file input15.cif (mmCIF, C-alpha atoms and all ligand atoms)
data_target
loop_
_atom_site.group_PDB
_atom_site.id
_atom_site.type_symbol
_atom_site.label_atom_id
_atom_site.label_comp_id
_atom_site.auth_asym_id
_atom_site.auth_seq_id
_atom_site.Cartn_x
_atom_site.Cartn_y
_atom_site.Cartn_z
ATOM 1 C CA MET A 1 0.000 0.000 0.000
ATOM 2 C CA PRO A 2 1.629 3.316 -1.050
ATOM 3 C CA GLU A 3 2.334 5.813 1.712
ATOM 4 C CA GLN A 4 1.127 9.396 2.006
ATOM 5 C CA ILE A 5 1.637 11.616 -1.039
ATOM 6 C CA THR A 6 1.497 15.412 -0.976
ATOM 7 C CA LEU A 7 1.588 17.164 -4.338
ATOM 8 C CA TYR A 8 2.847 20.728 -4.741
ATOM 9 C CA THR A 9 1.260 21.999 -7.906
ATOM 10 C CA SER A 10 0.105 24.989 -9.860
ATOM 11 C CA LYS A 11 -2.957 25.068 -12.056
ATOM 12 C CA ALA A 12 -0.905 27.142 -14.506
ATOM 13 C CA SER A 13 1.822 24.550 -14.950
ATOM 14 C CA PRO A 14 1.737 21.875 -17.672
ATOM 15 C CA PHE A 15 4.568 20.098 -15.829
ATOM 16 C CA ALA A 16 2.419 19.858 -12.700
ATOM 17 C CA HIS A 17 -0.478 18.759 -14.914
ATOM 18 C CA ARG A 18 1.626 15.741 -15.932
ATOM 19 C CA VAL A 19 1.722 14.582 -12.326
ATOM 20 C CA GLU A 20 -1.978 15.290 -11.707
ATOM 21 C CA LEU A 21 -2.753 13.087 -14.711
ATOM 22 C CA ALA A 22 -0.535 10.309 -13.365
ATOM 23 C CA LEU A 23 -2.124 10.436 -9.911
ATOM 24 C CA ALA A 24 -5.614 10.426 -11.419
ATOM 25 C CA GLU A 25 -4.802 7.492 -13.718
ATOM 26 C CA VAL A 26 -3.516 5.277 -10.916
ATOM 27 C CA GLY A 27 -6.307 6.374 -8.562
ATOM 28 C CA ALA A 28 -3.894 7.552 -5.857
ATOM 29 C CA THR A 29 -5.077 9.208 -2.688
ATOM 30 C CA TYR A 30 -3.088 12.391 -2.097
ATOM 31 C CA GLN A 31 -3.284 15.886 -0.722
ATOM 32 C CA SER A 32 -2.612 18.788 -3.026
ATOM 33 C CA HIS A 33 -1.153 22.190 -2.275
ATOM 34 C CA GLU A 34 -1.253 25.047 -4.774
ATOM 35 C CA ILE A 35 1.952 27.109 -5.055
ATOM 36 C CA PRO A 36 1.278 30.575 -6.496
ATOM 37 C CA LEU A 37 4.005 30.923 -9.130
ATOM 38 C CA ARG A 38 4.174 34.689 -8.937
ATOM 39 C CA ALA A 39 4.414 34.711 -5.155
ATOM 40 C CA LYS A 40 6.066 31.495 -4.113
ATOM 41 C CA PRO A 41 6.304 31.112 -0.355
ATOM 42 C CA THR A 42 9.890 31.245 0.900
ATOM 43 C CA TRP A 43 9.586 27.871 2.677
ATOM 44 C CA TYR A 44 8.965 26.076 -0.623
ATOM 45 C CA ALA A 45 12.564 26.178 -1.921
ATOM 46 C CA ARG A 46 13.908 25.570 1.560
ATOM 47 C CA ARG A 47 11.717 22.663 2.542
ATOM 48 C CA ILE A 48 10.565 21.053 -0.709
ATOM 49 C CA ASN A 49 12.319 21.906 -3.968
ATOM 50 C CA PRO A 50 15.606 23.834 -4.006
ATOM 51 C CA ALA A 51 14.991 24.574 -7.707
ATOM 52 C CA ASN A 52 11.843 26.453 -6.595
ATOM 53 C CA GLU A 53 9.722 24.842 -9.322
ATOM 54 C CA VAL A 54 6.484 22.888 -9.375
ATOM 55 C CA PRO A 55 5.669 20.061 -9.395
ATOM 56 C CA ALA A 56 7.143 18.273 -6.401
ATOM 57 C CA ILE A 57 5.820 15.597 -4.107
ATOM 58 C CA THR A 58 6.549 14.391 -0.649
ATOM 59 C CA TYR A 59 6.236 10.647 -0.140
ATOM 60 C CA GLY A 60 5.975 8.784 3.121
ATOM 61 C CA GLY A 61 6.343 9.990 6.672
ATOM 62 C CA PRO A 62 3.318 11.187 8.636
ATOM 63 C CA LEU A 63 0.437 13.017 6.984
ATOM 64 C CA VAL A 64 1.108 16.641 7.959
ATOM 65 C CA SER A 65 0.273 20.138 6.808
ATOM 66 C CA PRO A 66 1.851 20.722 3.353
ATOM 67 C CA ILE A 67 3.561 23.849 4.615
ATOM 68 C CA ARG A 68 5.342 21.893 7.360
ATOM 69 C CA PRO A 69 6.603 18.785 5.582
ATOM 70 C CA SER A 70 8.008 16.048 7.762
ATOM 71 C CA PRO A 71 11.762 15.417 7.683
ATOM 72 C CA ASP A 72 10.743 11.755 7.391
ATOM 73 C CA SER A 73 9.171 12.183 3.947
ATOM 74 C CA MET A 74 11.089 11.848 0.720
ATOM 75 C CA LYS A 75 11.012 14.965 -1.487
ATOM 76 C CA ILE A 76 10.782 14.130 -5.194
ATOM 77 C CA THR A 77 11.046 16.723 -7.954
ATOM 78 C CA GLU A 78 10.984 16.825 -11.780
ATOM 79 C CA SER A 79 7.687 15.843 -13.365
ATOM 80 C CA LEU A 80 9.054 12.941 -15.422
ATOM 81 C CA ILE A 81 10.859 11.456 -12.419
ATOM 82 C CA ILE A 82 7.772 11.842 -10.241
ATOM 83 C CA ASN A 83 5.673 10.087 -12.881
ATOM 84 C CA GLU A 84 8.149 7.183 -13.110
ATOM 85 C CA PHE A 85 7.932 6.932 -9.340
ATOM 86 C CA ILE A 86 4.116 6.883 -9.441
ATOM 87 C CA ALA A 87 4.175 4.262 -12.200
ATOM 88 C CA ASP A 88 6.536 2.155 -10.044
ATOM 89 C CA LEU A 89 4.205 2.494 -7.048
ATOM 90 C CA TYR A 90 1.273 1.191 -9.091
ATOM 91 C CA PRO A 91 2.746 -1.556 -11.301
ATOM 92 C CA ASP A 92 -0.671 -3.105 -11.961
ATOM 93 C CA SER A 93 -2.241 0.102 -13.218
ATOM 94 C CA SER A 94 -2.871 0.520 -16.951
ATOM 95 C CA PHE A 95 -0.793 3.708 -16.594
ATOM 96 C CA THR A 96 2.358 1.598 -16.128
ATOM 97 C CA PRO A 97 3.803 -0.218 -19.156
ATOM 98 C CA LYS A 98 3.988 -3.902 -18.285
ATOM 99 C CA ASP A 99 7.132 -5.287 -19.895
ATOM 100 C CA ALA A 100 10.662 -4.200 -20.739
ATOM 101 C CA VAL A 101 9.814 -3.557 -24.393
ATOM 102 C CA SER A 102 6.828 -1.305 -23.668
ATOM 103 C CA ARG A 103 8.794 0.505 -20.968
ATOM 104 C CA ALA A 104 11.591 1.202 -23.459
ATOM 105 C CA THR A 105 9.025 2.338 -26.052
ATOM 106 C CA ALA A 106 7.474 4.687 -23.503
ATOM 107 C CA ARG A 107 10.879 6.106 -22.546
ATOM 108 C CA MET A 108 11.809 6.706 -26.183
ATOM 109 C CA PHE A 109 8.501 8.489 -26.780
ATOM 110 C CA ILE A 110 8.934 10.626 -23.659
ATOM 111 C CA ASP A 111 12.518 11.514 -24.544
ATOM 112 C CA ALA A 112 11.522 12.512 -28.078
ATOM 113 C CA ALA A 113 8.597 14.583 -26.804
ATOM 114 C CA GLU A 114 10.719 16.271 -24.150
ATOM 115 C CA TRP A 115 13.506 17.325 -26.517
ATOM 116 C CA LYS A 116 11.991 17.545 -29.979
ATOM 117 C CA VAL A 117 8.397 18.667 -29.435
ATOM 118 C CA ILE A 118 7.801 20.396 -26.124
ATOM 119 C CA PRO A 119 10.544 23.087 -26.435
ATOM 120 C CA GLN A 120 9.001 24.269 -29.720
ATOM 121 C CA PHE A 121 5.496 24.202 -28.229
ATOM 122 C CA ARG A 122 6.675 26.226 -25.227
ATOM 123 C CA ASP A 123 8.499 28.760 -27.377
ATOM 124 C CA PHE A 124 5.459 29.260 -29.561
ATOM 125 C CA ILE A 125 2.859 29.440 -26.789
ATOM 126 C CA TRP A 126 4.732 31.480 -24.206
ATOM 127 C CA CYS A 127 7.751 33.138 -25.798
ATOM 128 C CA GLY A 128 6.708 34.302 -29.256
ATOM 129 C CA GLY A 129 8.690 31.487 -30.925
ATOM 130 C CA SER A 130 8.488 30.779 -34.629
ATOM 131 C CA THR A 131 5.496 29.184 -36.316
ATOM 132 C CA ASP A 132 7.822 27.240 -38.632
ATOM 133 C CA ALA A 133 9.615 25.593 -35.704
ATOM 134 C CA LEU A 134 6.263 24.713 -34.165
ATOM 135 C CA MET A 135 5.029 23.216 -37.424
ATOM 136 C CA ASN A 136 8.196 21.131 -37.745
ATOM 137 C CA SER A 137 7.673 19.801 -34.236
ATOM 138 C CA LEU A 138 4.056 18.938 -35.052
ATOM 139 C CA GLU A 139 5.225 17.023 -38.113
ATOM 140 C CA TYR A 140 7.678 15.196 -35.893
ATOM 141 C CA LEU A 141 4.985 14.375 -33.332
ATOM 142 C CA GLN A 142 2.908 12.977 -36.178
ATOM 143 C CA THR A 143 5.755 10.568 -37.000
ATOM 144 C CA ILE A 144 6.134 9.237 -33.448
ATOM 145 C CA LEU A 145 2.431 8.657 -32.725
ATOM 146 C CA PRO A 146 1.306 5.129 -33.587
ATOM 147 C CA GLU A 147 -0.954 4.421 -36.547
ATOM 148 C CA ASN A 148 -3.371 2.018 -34.935
ATOM 149 C CA ALA A 149 -3.609 2.899 -31.253
ATOM 150 C CA LYS A 150 -5.668 5.421 -29.355
ATOM 151 C CA PHE A 151 -2.754 6.755 -27.296
ATOM 152 C CA ALA A 152 1.027 7.054 -27.571
ATOM 153 C CA LEU A 153 1.759 3.389 -26.766
ATOM 154 C CA CYS A 154 -1.501 1.504 -26.941
ATOM 155 C CA ASP A 155 -5.198 1.994 -26.233
ATOM 156 C CA ASP A 156 -4.474 2.813 -22.571
ATOM 157 C CA PHE A 157 -3.424 6.248 -21.346
ATOM 158 C CA THR A 158 0.083 5.609 -20.005
ATOM 159 C CA ILE A 159 3.066 7.462 -18.600
ATOM 160 C CA ALA A 160 3.980 8.428 -22.190
ATOM 161 C CA ASP A 161 0.676 10.274 -22.601
ATOM 162 C CA ALA A 162 0.988 12.101 -19.293
ATOM 163 C CA ALA A 163 4.288 13.536 -20.575
ATOM 164 C CA ILE A 164 2.903 15.100 -23.749
ATOM 165 C CA ALA A 165 -0.861 15.593 -23.280
ATOM 166 C CA PRO A 166 -0.648 18.786 -21.123
ATOM 167 C CA PHE A 167 1.392 20.496 -23.828
ATOM 168 C CA VAL A 168 -0.880 19.454 -26.683
ATOM 169 C CA ALA A 169 -3.784 20.784 -24.605
ATOM 170 C CA GLN A 170 -2.026 24.095 -23.938
ATOM 171 C CA LEU A 171 -1.253 24.497 -27.628
ATOM 172 C CA VAL A 172 -4.796 23.790 -28.838
ATOM 173 C CA MET A 173 -6.385 25.945 -26.128
ATOM 174 C CA SER A 174 -4.038 28.837 -26.847
ATOM 175 C CA LEU A 175 -5.127 28.769 -30.502
ATOM 176 C CA ASP A 176 -8.739 29.155 -29.365
ATOM 177 C CA LEU A 177 -7.895 32.094 -27.143
ATOM 178 C CA GLY A 178 -6.513 34.081 -30.075
ATOM 179 C CA CYS A 179 -3.179 34.833 -28.380
ATOM 180 C CA TYR A 180 -1.257 35.208 -31.630
ATOM 181 C CA MET A 181 -0.699 37.625 -34.458
ATOM 182 C CA ASP A 182 -3.335 37.603 -37.175
ATOM 183 C CA GLY A 183 -3.099 34.451 -39.230
ATOM 184 C CA GLU A 184 -0.675 32.502 -37.025
ATOM 185 C CA ALA A 185 -3.325 30.637 -35.047
ATOM 186 C CA LYS A 186 -5.326 29.964 -38.200
ATOM 187 C CA GLN A 187 -2.274 28.570 -39.979
ATOM 188 C CA VAL A 188 -1.454 26.226 -37.080
ATOM 189 C CA LEU A 189 -5.065 25.137 -36.612
ATOM 190 C CA GLU A 190 -5.387 24.373 -40.322
ATOM 191 C CA MET A 191 -2.250 22.283 -40.155
ATOM 192 C CA LEU A 192 -3.452 20.473 -37.033
ATOM 193 C CA GLN A 193 -6.761 19.627 -38.655
ATOM 194 C CA GLY A 194 -5.233 18.686 -42.018
ATOM 195 C CA PRO A 195 -3.691 15.450 -43.336
ATOM 196 C CA GLU A 196 -0.136 16.308 -42.178
ATOM 197 C CA CYS A 197 -1.292 16.111 -38.540
ATOM 198 C CA SER A 198 -4.072 13.549 -38.796
ATOM 199 C CA LYS A 199 -2.624 11.388 -35.983
ATOM 200 C CA VAL A 200 -1.954 14.403 -33.755
ATOM 201 C CA TRP A 201 -5.514 15.663 -34.130
ATOM 202 C CA LYS A 202 -6.981 12.200 -33.524
ATOM 203 C CA TYR A 203 -4.725 11.926 -30.476
ATOM 204 C CA TRP A 204 -6.022 15.235 -29.101
ATOM 205 C CA GLN A 205 -9.645 14.037 -29.556
ATOM 206 C CA ALA A 206 -8.815 10.918 -27.500
ATOM 207 C CA VAL A 207 -6.957 12.879 -24.818
ATOM 208 C CA LYS A 208 -9.765 15.319 -24.212
ATOM 209 C CA GLU A 209 -12.231 12.461 -23.698
ATOM 210 C CA GLN A 210 -10.005 10.717 -21.148
ATOM 211 C CA PRO A 211 -11.554 10.912 -17.640
ATOM 212 C CA SER A 212 -8.200 11.781 -15.989
ATOM 213 C CA PHE A 213 -7.798 14.676 -18.408
ATOM 214 C CA GLN A 214 -11.327 15.919 -17.838
ATOM 215 C CA ALA A 215 -10.803 15.748 -14.072
ATOM 216 C CA THR A 216 -7.569 17.745 -14.153
ATOM 217 C CA PHE A 217 -7.872 20.284 -16.962
ATOM 218 C CA ASN A 218 -9.667 23.588 -16.706
ATOM 219 C CA GLU A 219 -9.272 27.030 -18.169
ATOM 220 C CA ASN A 220 -7.086 28.159 -15.252
ATOM 221 C CA ARG A 221 -4.373 26.027 -16.775
ATOM 222 C CA GLN A 222 -4.290 28.526 -19.585
ATOM 223 C CA GLN A 223 -2.221 31.101 -17.735
ATOM 224 C CA LYS A 224 1.278 32.209 -18.429
ATOM 225 C CA CYS A 225 3.480 29.991 -16.310
ATOM 226 C CA PHE A 226 6.948 30.743 -17.545
ATOM 227 C CA LYS A 227 9.231 33.544 -16.440
HETATM 228 N N1 LIG A 301 11.868 20.309 -15.523
HETATM 229 C C1 LIG A 301 10.850 20.677 -14.580
HETATM 230 C C2 LIG A 301 10.215 21.979 -15.074
HETATM 231 C C3 LIG A 301 9.214 22.528 -14.093
HETATM 232 C C4 LIG A 301 8.866 23.980 -14.397
HETATM 233 O O1 LIG A 301 9.439 24.644 -15.285
HETATM 234 N N2 LIG A 301 7.916 24.503 -13.613
HETATM 235 C C5 LIG A 301 7.562 25.883 -13.746
HETATM 236 C C6 LIG A 301 6.072 26.060 -13.853
HETATM 237 S S1 LIG A 301 5.472 25.534 -15.417
HETATM 238 C C7 LIG A 301 7.994 26.592 -12.469
HETATM 239 O O2 LIG A 301 7.752 26.139 -11.373
HETATM 240 N N3 LIG A 301 8.638 27.729 -12.629
HETATM 241 C C8 LIG A 301 9.106 28.514 -11.516
HETATM 242 C C9 LIG A 301 8.645 29.916 -11.597
HETATM 243 O O3 LIG A 301 7.773 30.251 -12.404
HETATM 244 O O4 LIG A 301 9.135 30.715 -10.807
HETATM 245 C C10 LIG A 301 9.821 19.538 -14.452
HETATM 246 O O5 LIG A 301 9.670 18.770 -15.428
HETATM 247 O O6 LIG A 301 9.214 19.383 -13.381
#
call {"tool": "encode", "arguments": {"input": "input15.cif", "output": "structure tokens", "more": "lines below"}}
Ligand SMILES: N[C@@H](CCC(=O)N[C@@H](CS)C(=O)NCC(=O)O)C(=O)O
result
Amino acid sequence: MPEQITLYTSKASPFAHRVELALAEVGATYQSHEIPLRAKPTWYARRINPANEVPAITYGGPLVSPIRPSPDSMKITESLIINEFIADLYPDSSFTPKDAVSRATARMFIDAAEWKVIPQFRDFIWCGGSTDALMNSLEYLQTILPENAKFALCDDFTIADAAIAPFVAQLVMSLDLGCYMDGEAKQVLEMLQGPECSKVWKYWQAVKEQPSFQATFNENRQQKCFK
């Protein structure tokens, strides 16, 4: 039986969203504490995450107030590491790939998403990055999504999906909000809905129907979260 989990999160953070998806998928019981990104409490870096970023979790030790974490709990940071930890805690969950081959496939997908897709998404959504770079990364995502499965690995929503889904959601939602110069959003949306991105668009339709996604996504996630 897993021990107590306390999640330090921010509704504005797609990285924290990764962990909320993981916890929802495995059905974990946990307490959640919102860290306001523009006014982070000074104890957070001292007691939880020296990098002063969300997400983080504490695991084990007594169940205590999130602002006074126990020295007996383990502090775990970095969304992808936290999600591996959660997957390890719940080996029988459909979130956790079952054999060495599917675990390697998941890791390759996550690595590709982390380095070849998400930086371009982030640049475009939050930093005025180029539409061409974004479109190249969408083409790349199209190549790494499977032809005949609902999600990144199979028909189950796994650790691979938790890594990328928050960023796909942020991208699509930002297009709806009209955050870009005239024509940019339209160009990207047309690409997303066209043949070049058929798998990406189908993937997004599956993600937004997933109960864990519906339970964890709301419009508050559409805030600027980067410095
Ligand atoms: N590599 C980290 C990145 C986490 C990250 O960048 N978190 C942002 C929020 S989206 C943050 O806490 N930034 C600190 C700040 O805004 O001051 C992870 O995967 O957990």
call {"tool": "resolve_selection", "arguments": {"input": "input15.cif", "expression": "the PyMOL selection byres (((chain A and resi 45) around 12) and not hetatm)", "output": "list of chain:residue names"}}
result
A:Tyr8, A:Ile35, A:Lys40, A:Pro41, A:Thr42, A:Trp43, A:Tyr44, A:Arg46, A:Arg47, A:Ile48, A:Asn49, A:Pro50, A:Ala51, A:Asn52, A:Glu53, A:Val54, A:Pro55, A:Ala56, A:Ile67, A:Lys75, A:Thr77
call {"tool": "closest_residue", "arguments": {"input": "input15.cif", "among": "A:Lys208, A:Arg38, A:His33, A:Lys150", "to": "ligand LIG 301 (chain A)", "atoms": "all atoms listed in the file"}}
result
A:Arg38
call {"tool": "residues_around", "arguments": {"input": "input15.cif", "residues": "segment 79-85 of chain A", "least_positions_apart": "2", "cutoff": "7 Å", "atoms": "all atoms listed in the file", "output": "count of residues only"}}
result
12
call {"tool": "atom_distance", "arguments": {"input": "input15.cif", "atom1": "atom CA of Val207 of chain A", "atom2": "atom CA of Phe157 of chain A"}}
result
8.3 Å
call {"tool": "closest_residue", "arguments": {"input": "input15.cif", "among": "A:Leu7, A:Met191, A:Cys197, A:Ala12", "to": "Asp132 of chain A", "atoms": "all atoms listed in the file"}}
result
A:Met191
call {"tool": "residues_around", "arguments": {"input": "input15.cif", "residues": "segment 112-119 of chain A", "least_positions_apart": "2", "cutoff": "10 Å", "atoms": "only C-alpha atoms", "output": "MDAnalysis selection string"}}
result
chainID A and resid 80 106:110 121:125 129 133:141 144 160:161 163:164 166:168
call {"tool": "residues_around", "arguments": {"input": "input15.cif", "residues": "Ala215 of chain A", "least_positions_apart": "3", "cutoff": "8 Å", "atoms": "all atoms listed in the file", "output": "compact mmCIF listing (two decimals) with C-alpha atoms, in the frame of the given file"}}
result
# COMPACT_ATOMS: atom_id res chain seq x y z
CA ALA A 24 -5.61 10.43 -11.42
CA PRO A 211 -11.55 10.91 -17.64
CA SER A 212 -8.20 11.78 -15.99
call {"tool": "atom_distance", "arguments": {"input": "input15.cif", "atom1": "atom CA of Phe151 of chain A", "atom2": "atom N3 of ligand LIG 301 (chain A)"}}
result
28.0 Å
call {"tool": "axis_aligned_box", "arguments": {"input": "input15.cif", "around": "segment 165-177 of chain A", "padding_each_side": "5 Å", "output": "lines of an AutoDock Vina configuration file"}}
result
center_x = -3.7
center_y = 23.8
center_z = -25.8
size_x = 20.1
size_y = 26.5
size_z = 19.4
call {"tool": "closest_residue", "arguments": {"input": "input15.cif", "among": "A:Met181, A:Ala165, A:Met173, A:Val101", "to": "Gly128 of chain A", "atoms": "all atoms listed in the file"}}
result
A:Met181
call {"tool": "resolve_selection", "arguments": {"input": "input15.cif", "expression": "the PyMOL selection byres (((chain A and resi 176) around 12) and not hetatm)", "output": "PyMOL selection string"}}
result
chain A and resi 125+169-175+177-180+184-186+188-189+219+222
call {"tool": "write_last_selection", "arguments": {"input": "input15.cif", "atoms": "C-alpha atoms", "output": "short mmCIF file (atom, residue, chain, number, x, y, z; two decimals), in the frame of the given file"}}
result
data_model
loop_
_atom_site.label_atom_id
_atom_site.label_comp_id
_atom_site.auth_asym_id
_atom_site.auth_seq_id
_atom_site.Cartn_x
_atom_site.Cartn_y
_atom_site.Cartn_z
CA ILE A 125 2.86 29.44 -26.79
CA ALA A 169 -3.78 20.78 -24.60
CA GLN A 170 -2.03 24.10 -23.94
CA LEU A 171 -1.25 24.50 -27.63
CA VAL A 172 -4.80 23.79 -28.84
CA MET A 173 -6.38 25.94 -26.13
CA SER A 174 -4.04 28.84 -26.85
CA LEU A 175 -5.13 28.77 -30.50
CA LEU A 177 -7.90 32.09 -27.14
CA GLY A 178 -6.51 34.08 -30.08
CA CYS A 179 -3.18 34.83 -28.38
CA TYR A 180 -1.26 35.21 -31.63
CA GLU A 184 -0.68 32.50 -37.02
CA ALA A 185 -3.32 30.64 -35.05
CA LYS A 186 -5.33 29.96 -38.20
CA VAL A 188 -1.45 26.23 -37.08
CA LEU A 189 -5.07 25.14 -36.61
CA GLU A 219 -9.27 27.03 -18.17
CA GLN A 222 -4.29 28.53 -19.58
#
call {"tool": "atom_distance", "arguments": {"input": "input15.cif", "atom1": "atom CA of Glu78 of chain A", "atom2": "atom CA of Thr105 of chain A"}}
result
20.4 Å
call {"tool": "resolve_selection", "arguments": {"input": "input15.cif", "expression": "the PyMOL selection byres (((chain A and resi 5) around 10) and not hetatm)", "output": "VMD selection string"}}
result
chain A and resid 2 to 4 6 to 8 23 28 to 32 57 to 63 73 to 75 86
call {"tool": "write_last_selection", "arguments": {"input": "input15.cif", "atoms": "C-alpha atoms", "output": "PDB file, in the frame of the given file"}}
result
ATOM      1  CA  PRO A   2       1.629   3.316  -1.050  1.00  0.00           C
ATOM      2  CA  GLU A   3       2.334   5.813   1.712  1.00  0.00           C
ATOM      3  CA  GLN A   4       1.127   9.396   2.006  1.00  0.00           C
ATOM      4  CA  THR A   6       1.497  15.412  -0.976  1.00  0.00           C
ATOM      5  CA  LEU A   7       1.588  17.164  -4.338  1.00  0.00           C
ATOM      6  CA  TYR A   8       2.847  20.728  -4.741  1.00  0.00           C
ATOM      7  CA  LEU A  23      -2.124  10.436  -9.911  1.00  0.00           C
ATOM      8  CA  ALA A  28      -3.894   7.552  -5.857  1.00  0.00           C
ATOM      9  CA  THR A  29      -5.077   9.208  -2.688  1.00  0.00           C
ATOM     10  CA  TYR A  30      -3.088  12.391  -2.097  1.00  0.00           C
ATOM     11  CA  GLN A  31      -3.284  15.886  -0.722  1.00  0.00           C
ATOM     12  CA  SER A  32      -2.612  18.788  -3.026  1.00  0.00           C
ATOM     13  CA  ILE A  57       5.820  15.597  -4.107  1.00  0.00           C
ATOM     14  CA  THR A  58       6.549  14.391  -0.649  1.00  0.00           C
ATOM     15  CA  TYR A  59       6.236  10.647  -0.140  1.00  0.00           C
ATOM     16  CA  GLY A  60       5.975   8.784   3.121  1.00  0.00           C
ATOM     17  CA  GLY A  61       6.343   9.990   6.672  1.00  0.00           C
ATOM     18  CA  PRO A  62       3.318  11.187   8.636  1.00  0.00           C
ATOM     19  CA  LEU A  63       0.437  13.017   6.984  1.00  0.00           C
ATOM     20  CA  SER A  73       9.171  12.183   3.947  1.00  0.00           C
ATOM     21  CA  MET A  74      11.089  11.848   0.720  1.00  0.00           C
ATOM     22  CA  LYS A  75      11.012  14.965  -1.487  1.00  0.00           C
ATOM     23  CA  ILE A  86       4.116   6.883  -9.441  1.00  0.00           C
TER      24      ILE A  86
END
call {"tool": "closest_residue", "arguments": {"input": "input15.cif", "among": "A:Val26, A:Ala149, A:Cys127, A:Ala104", "to": "Lys202 of chain A", "atoms": "only C-alpha atoms"}}
result
A:Ala149
call {"tool": "residues_near_point", "arguments": {"input": "input15.cif", "point": "(-3.2, 25.6, -7.6)", "cutoff": "7 Å", "atoms": "all atoms listed in the file", "output": "compact mmCIF listing (two decimals) with C-alpha atoms, in the frame of the given file"}}
result
# COMPACT_ATOMS: atom_id res chain seq x y z
CA THR A 9 1.26 22.00 -7.91
CA SER A 10 0.10 24.99 -9.86
CA LYS A 11 -2.96 25.07 -12.06
CA HIS A 33 -1.15 22.19 -2.28
CA GLU A 34 -1.25 25.05 -4.77
CA ILE A 35 1.95 27.11 -5.06
CA PRO A 36 1.28 30.58 -6.50
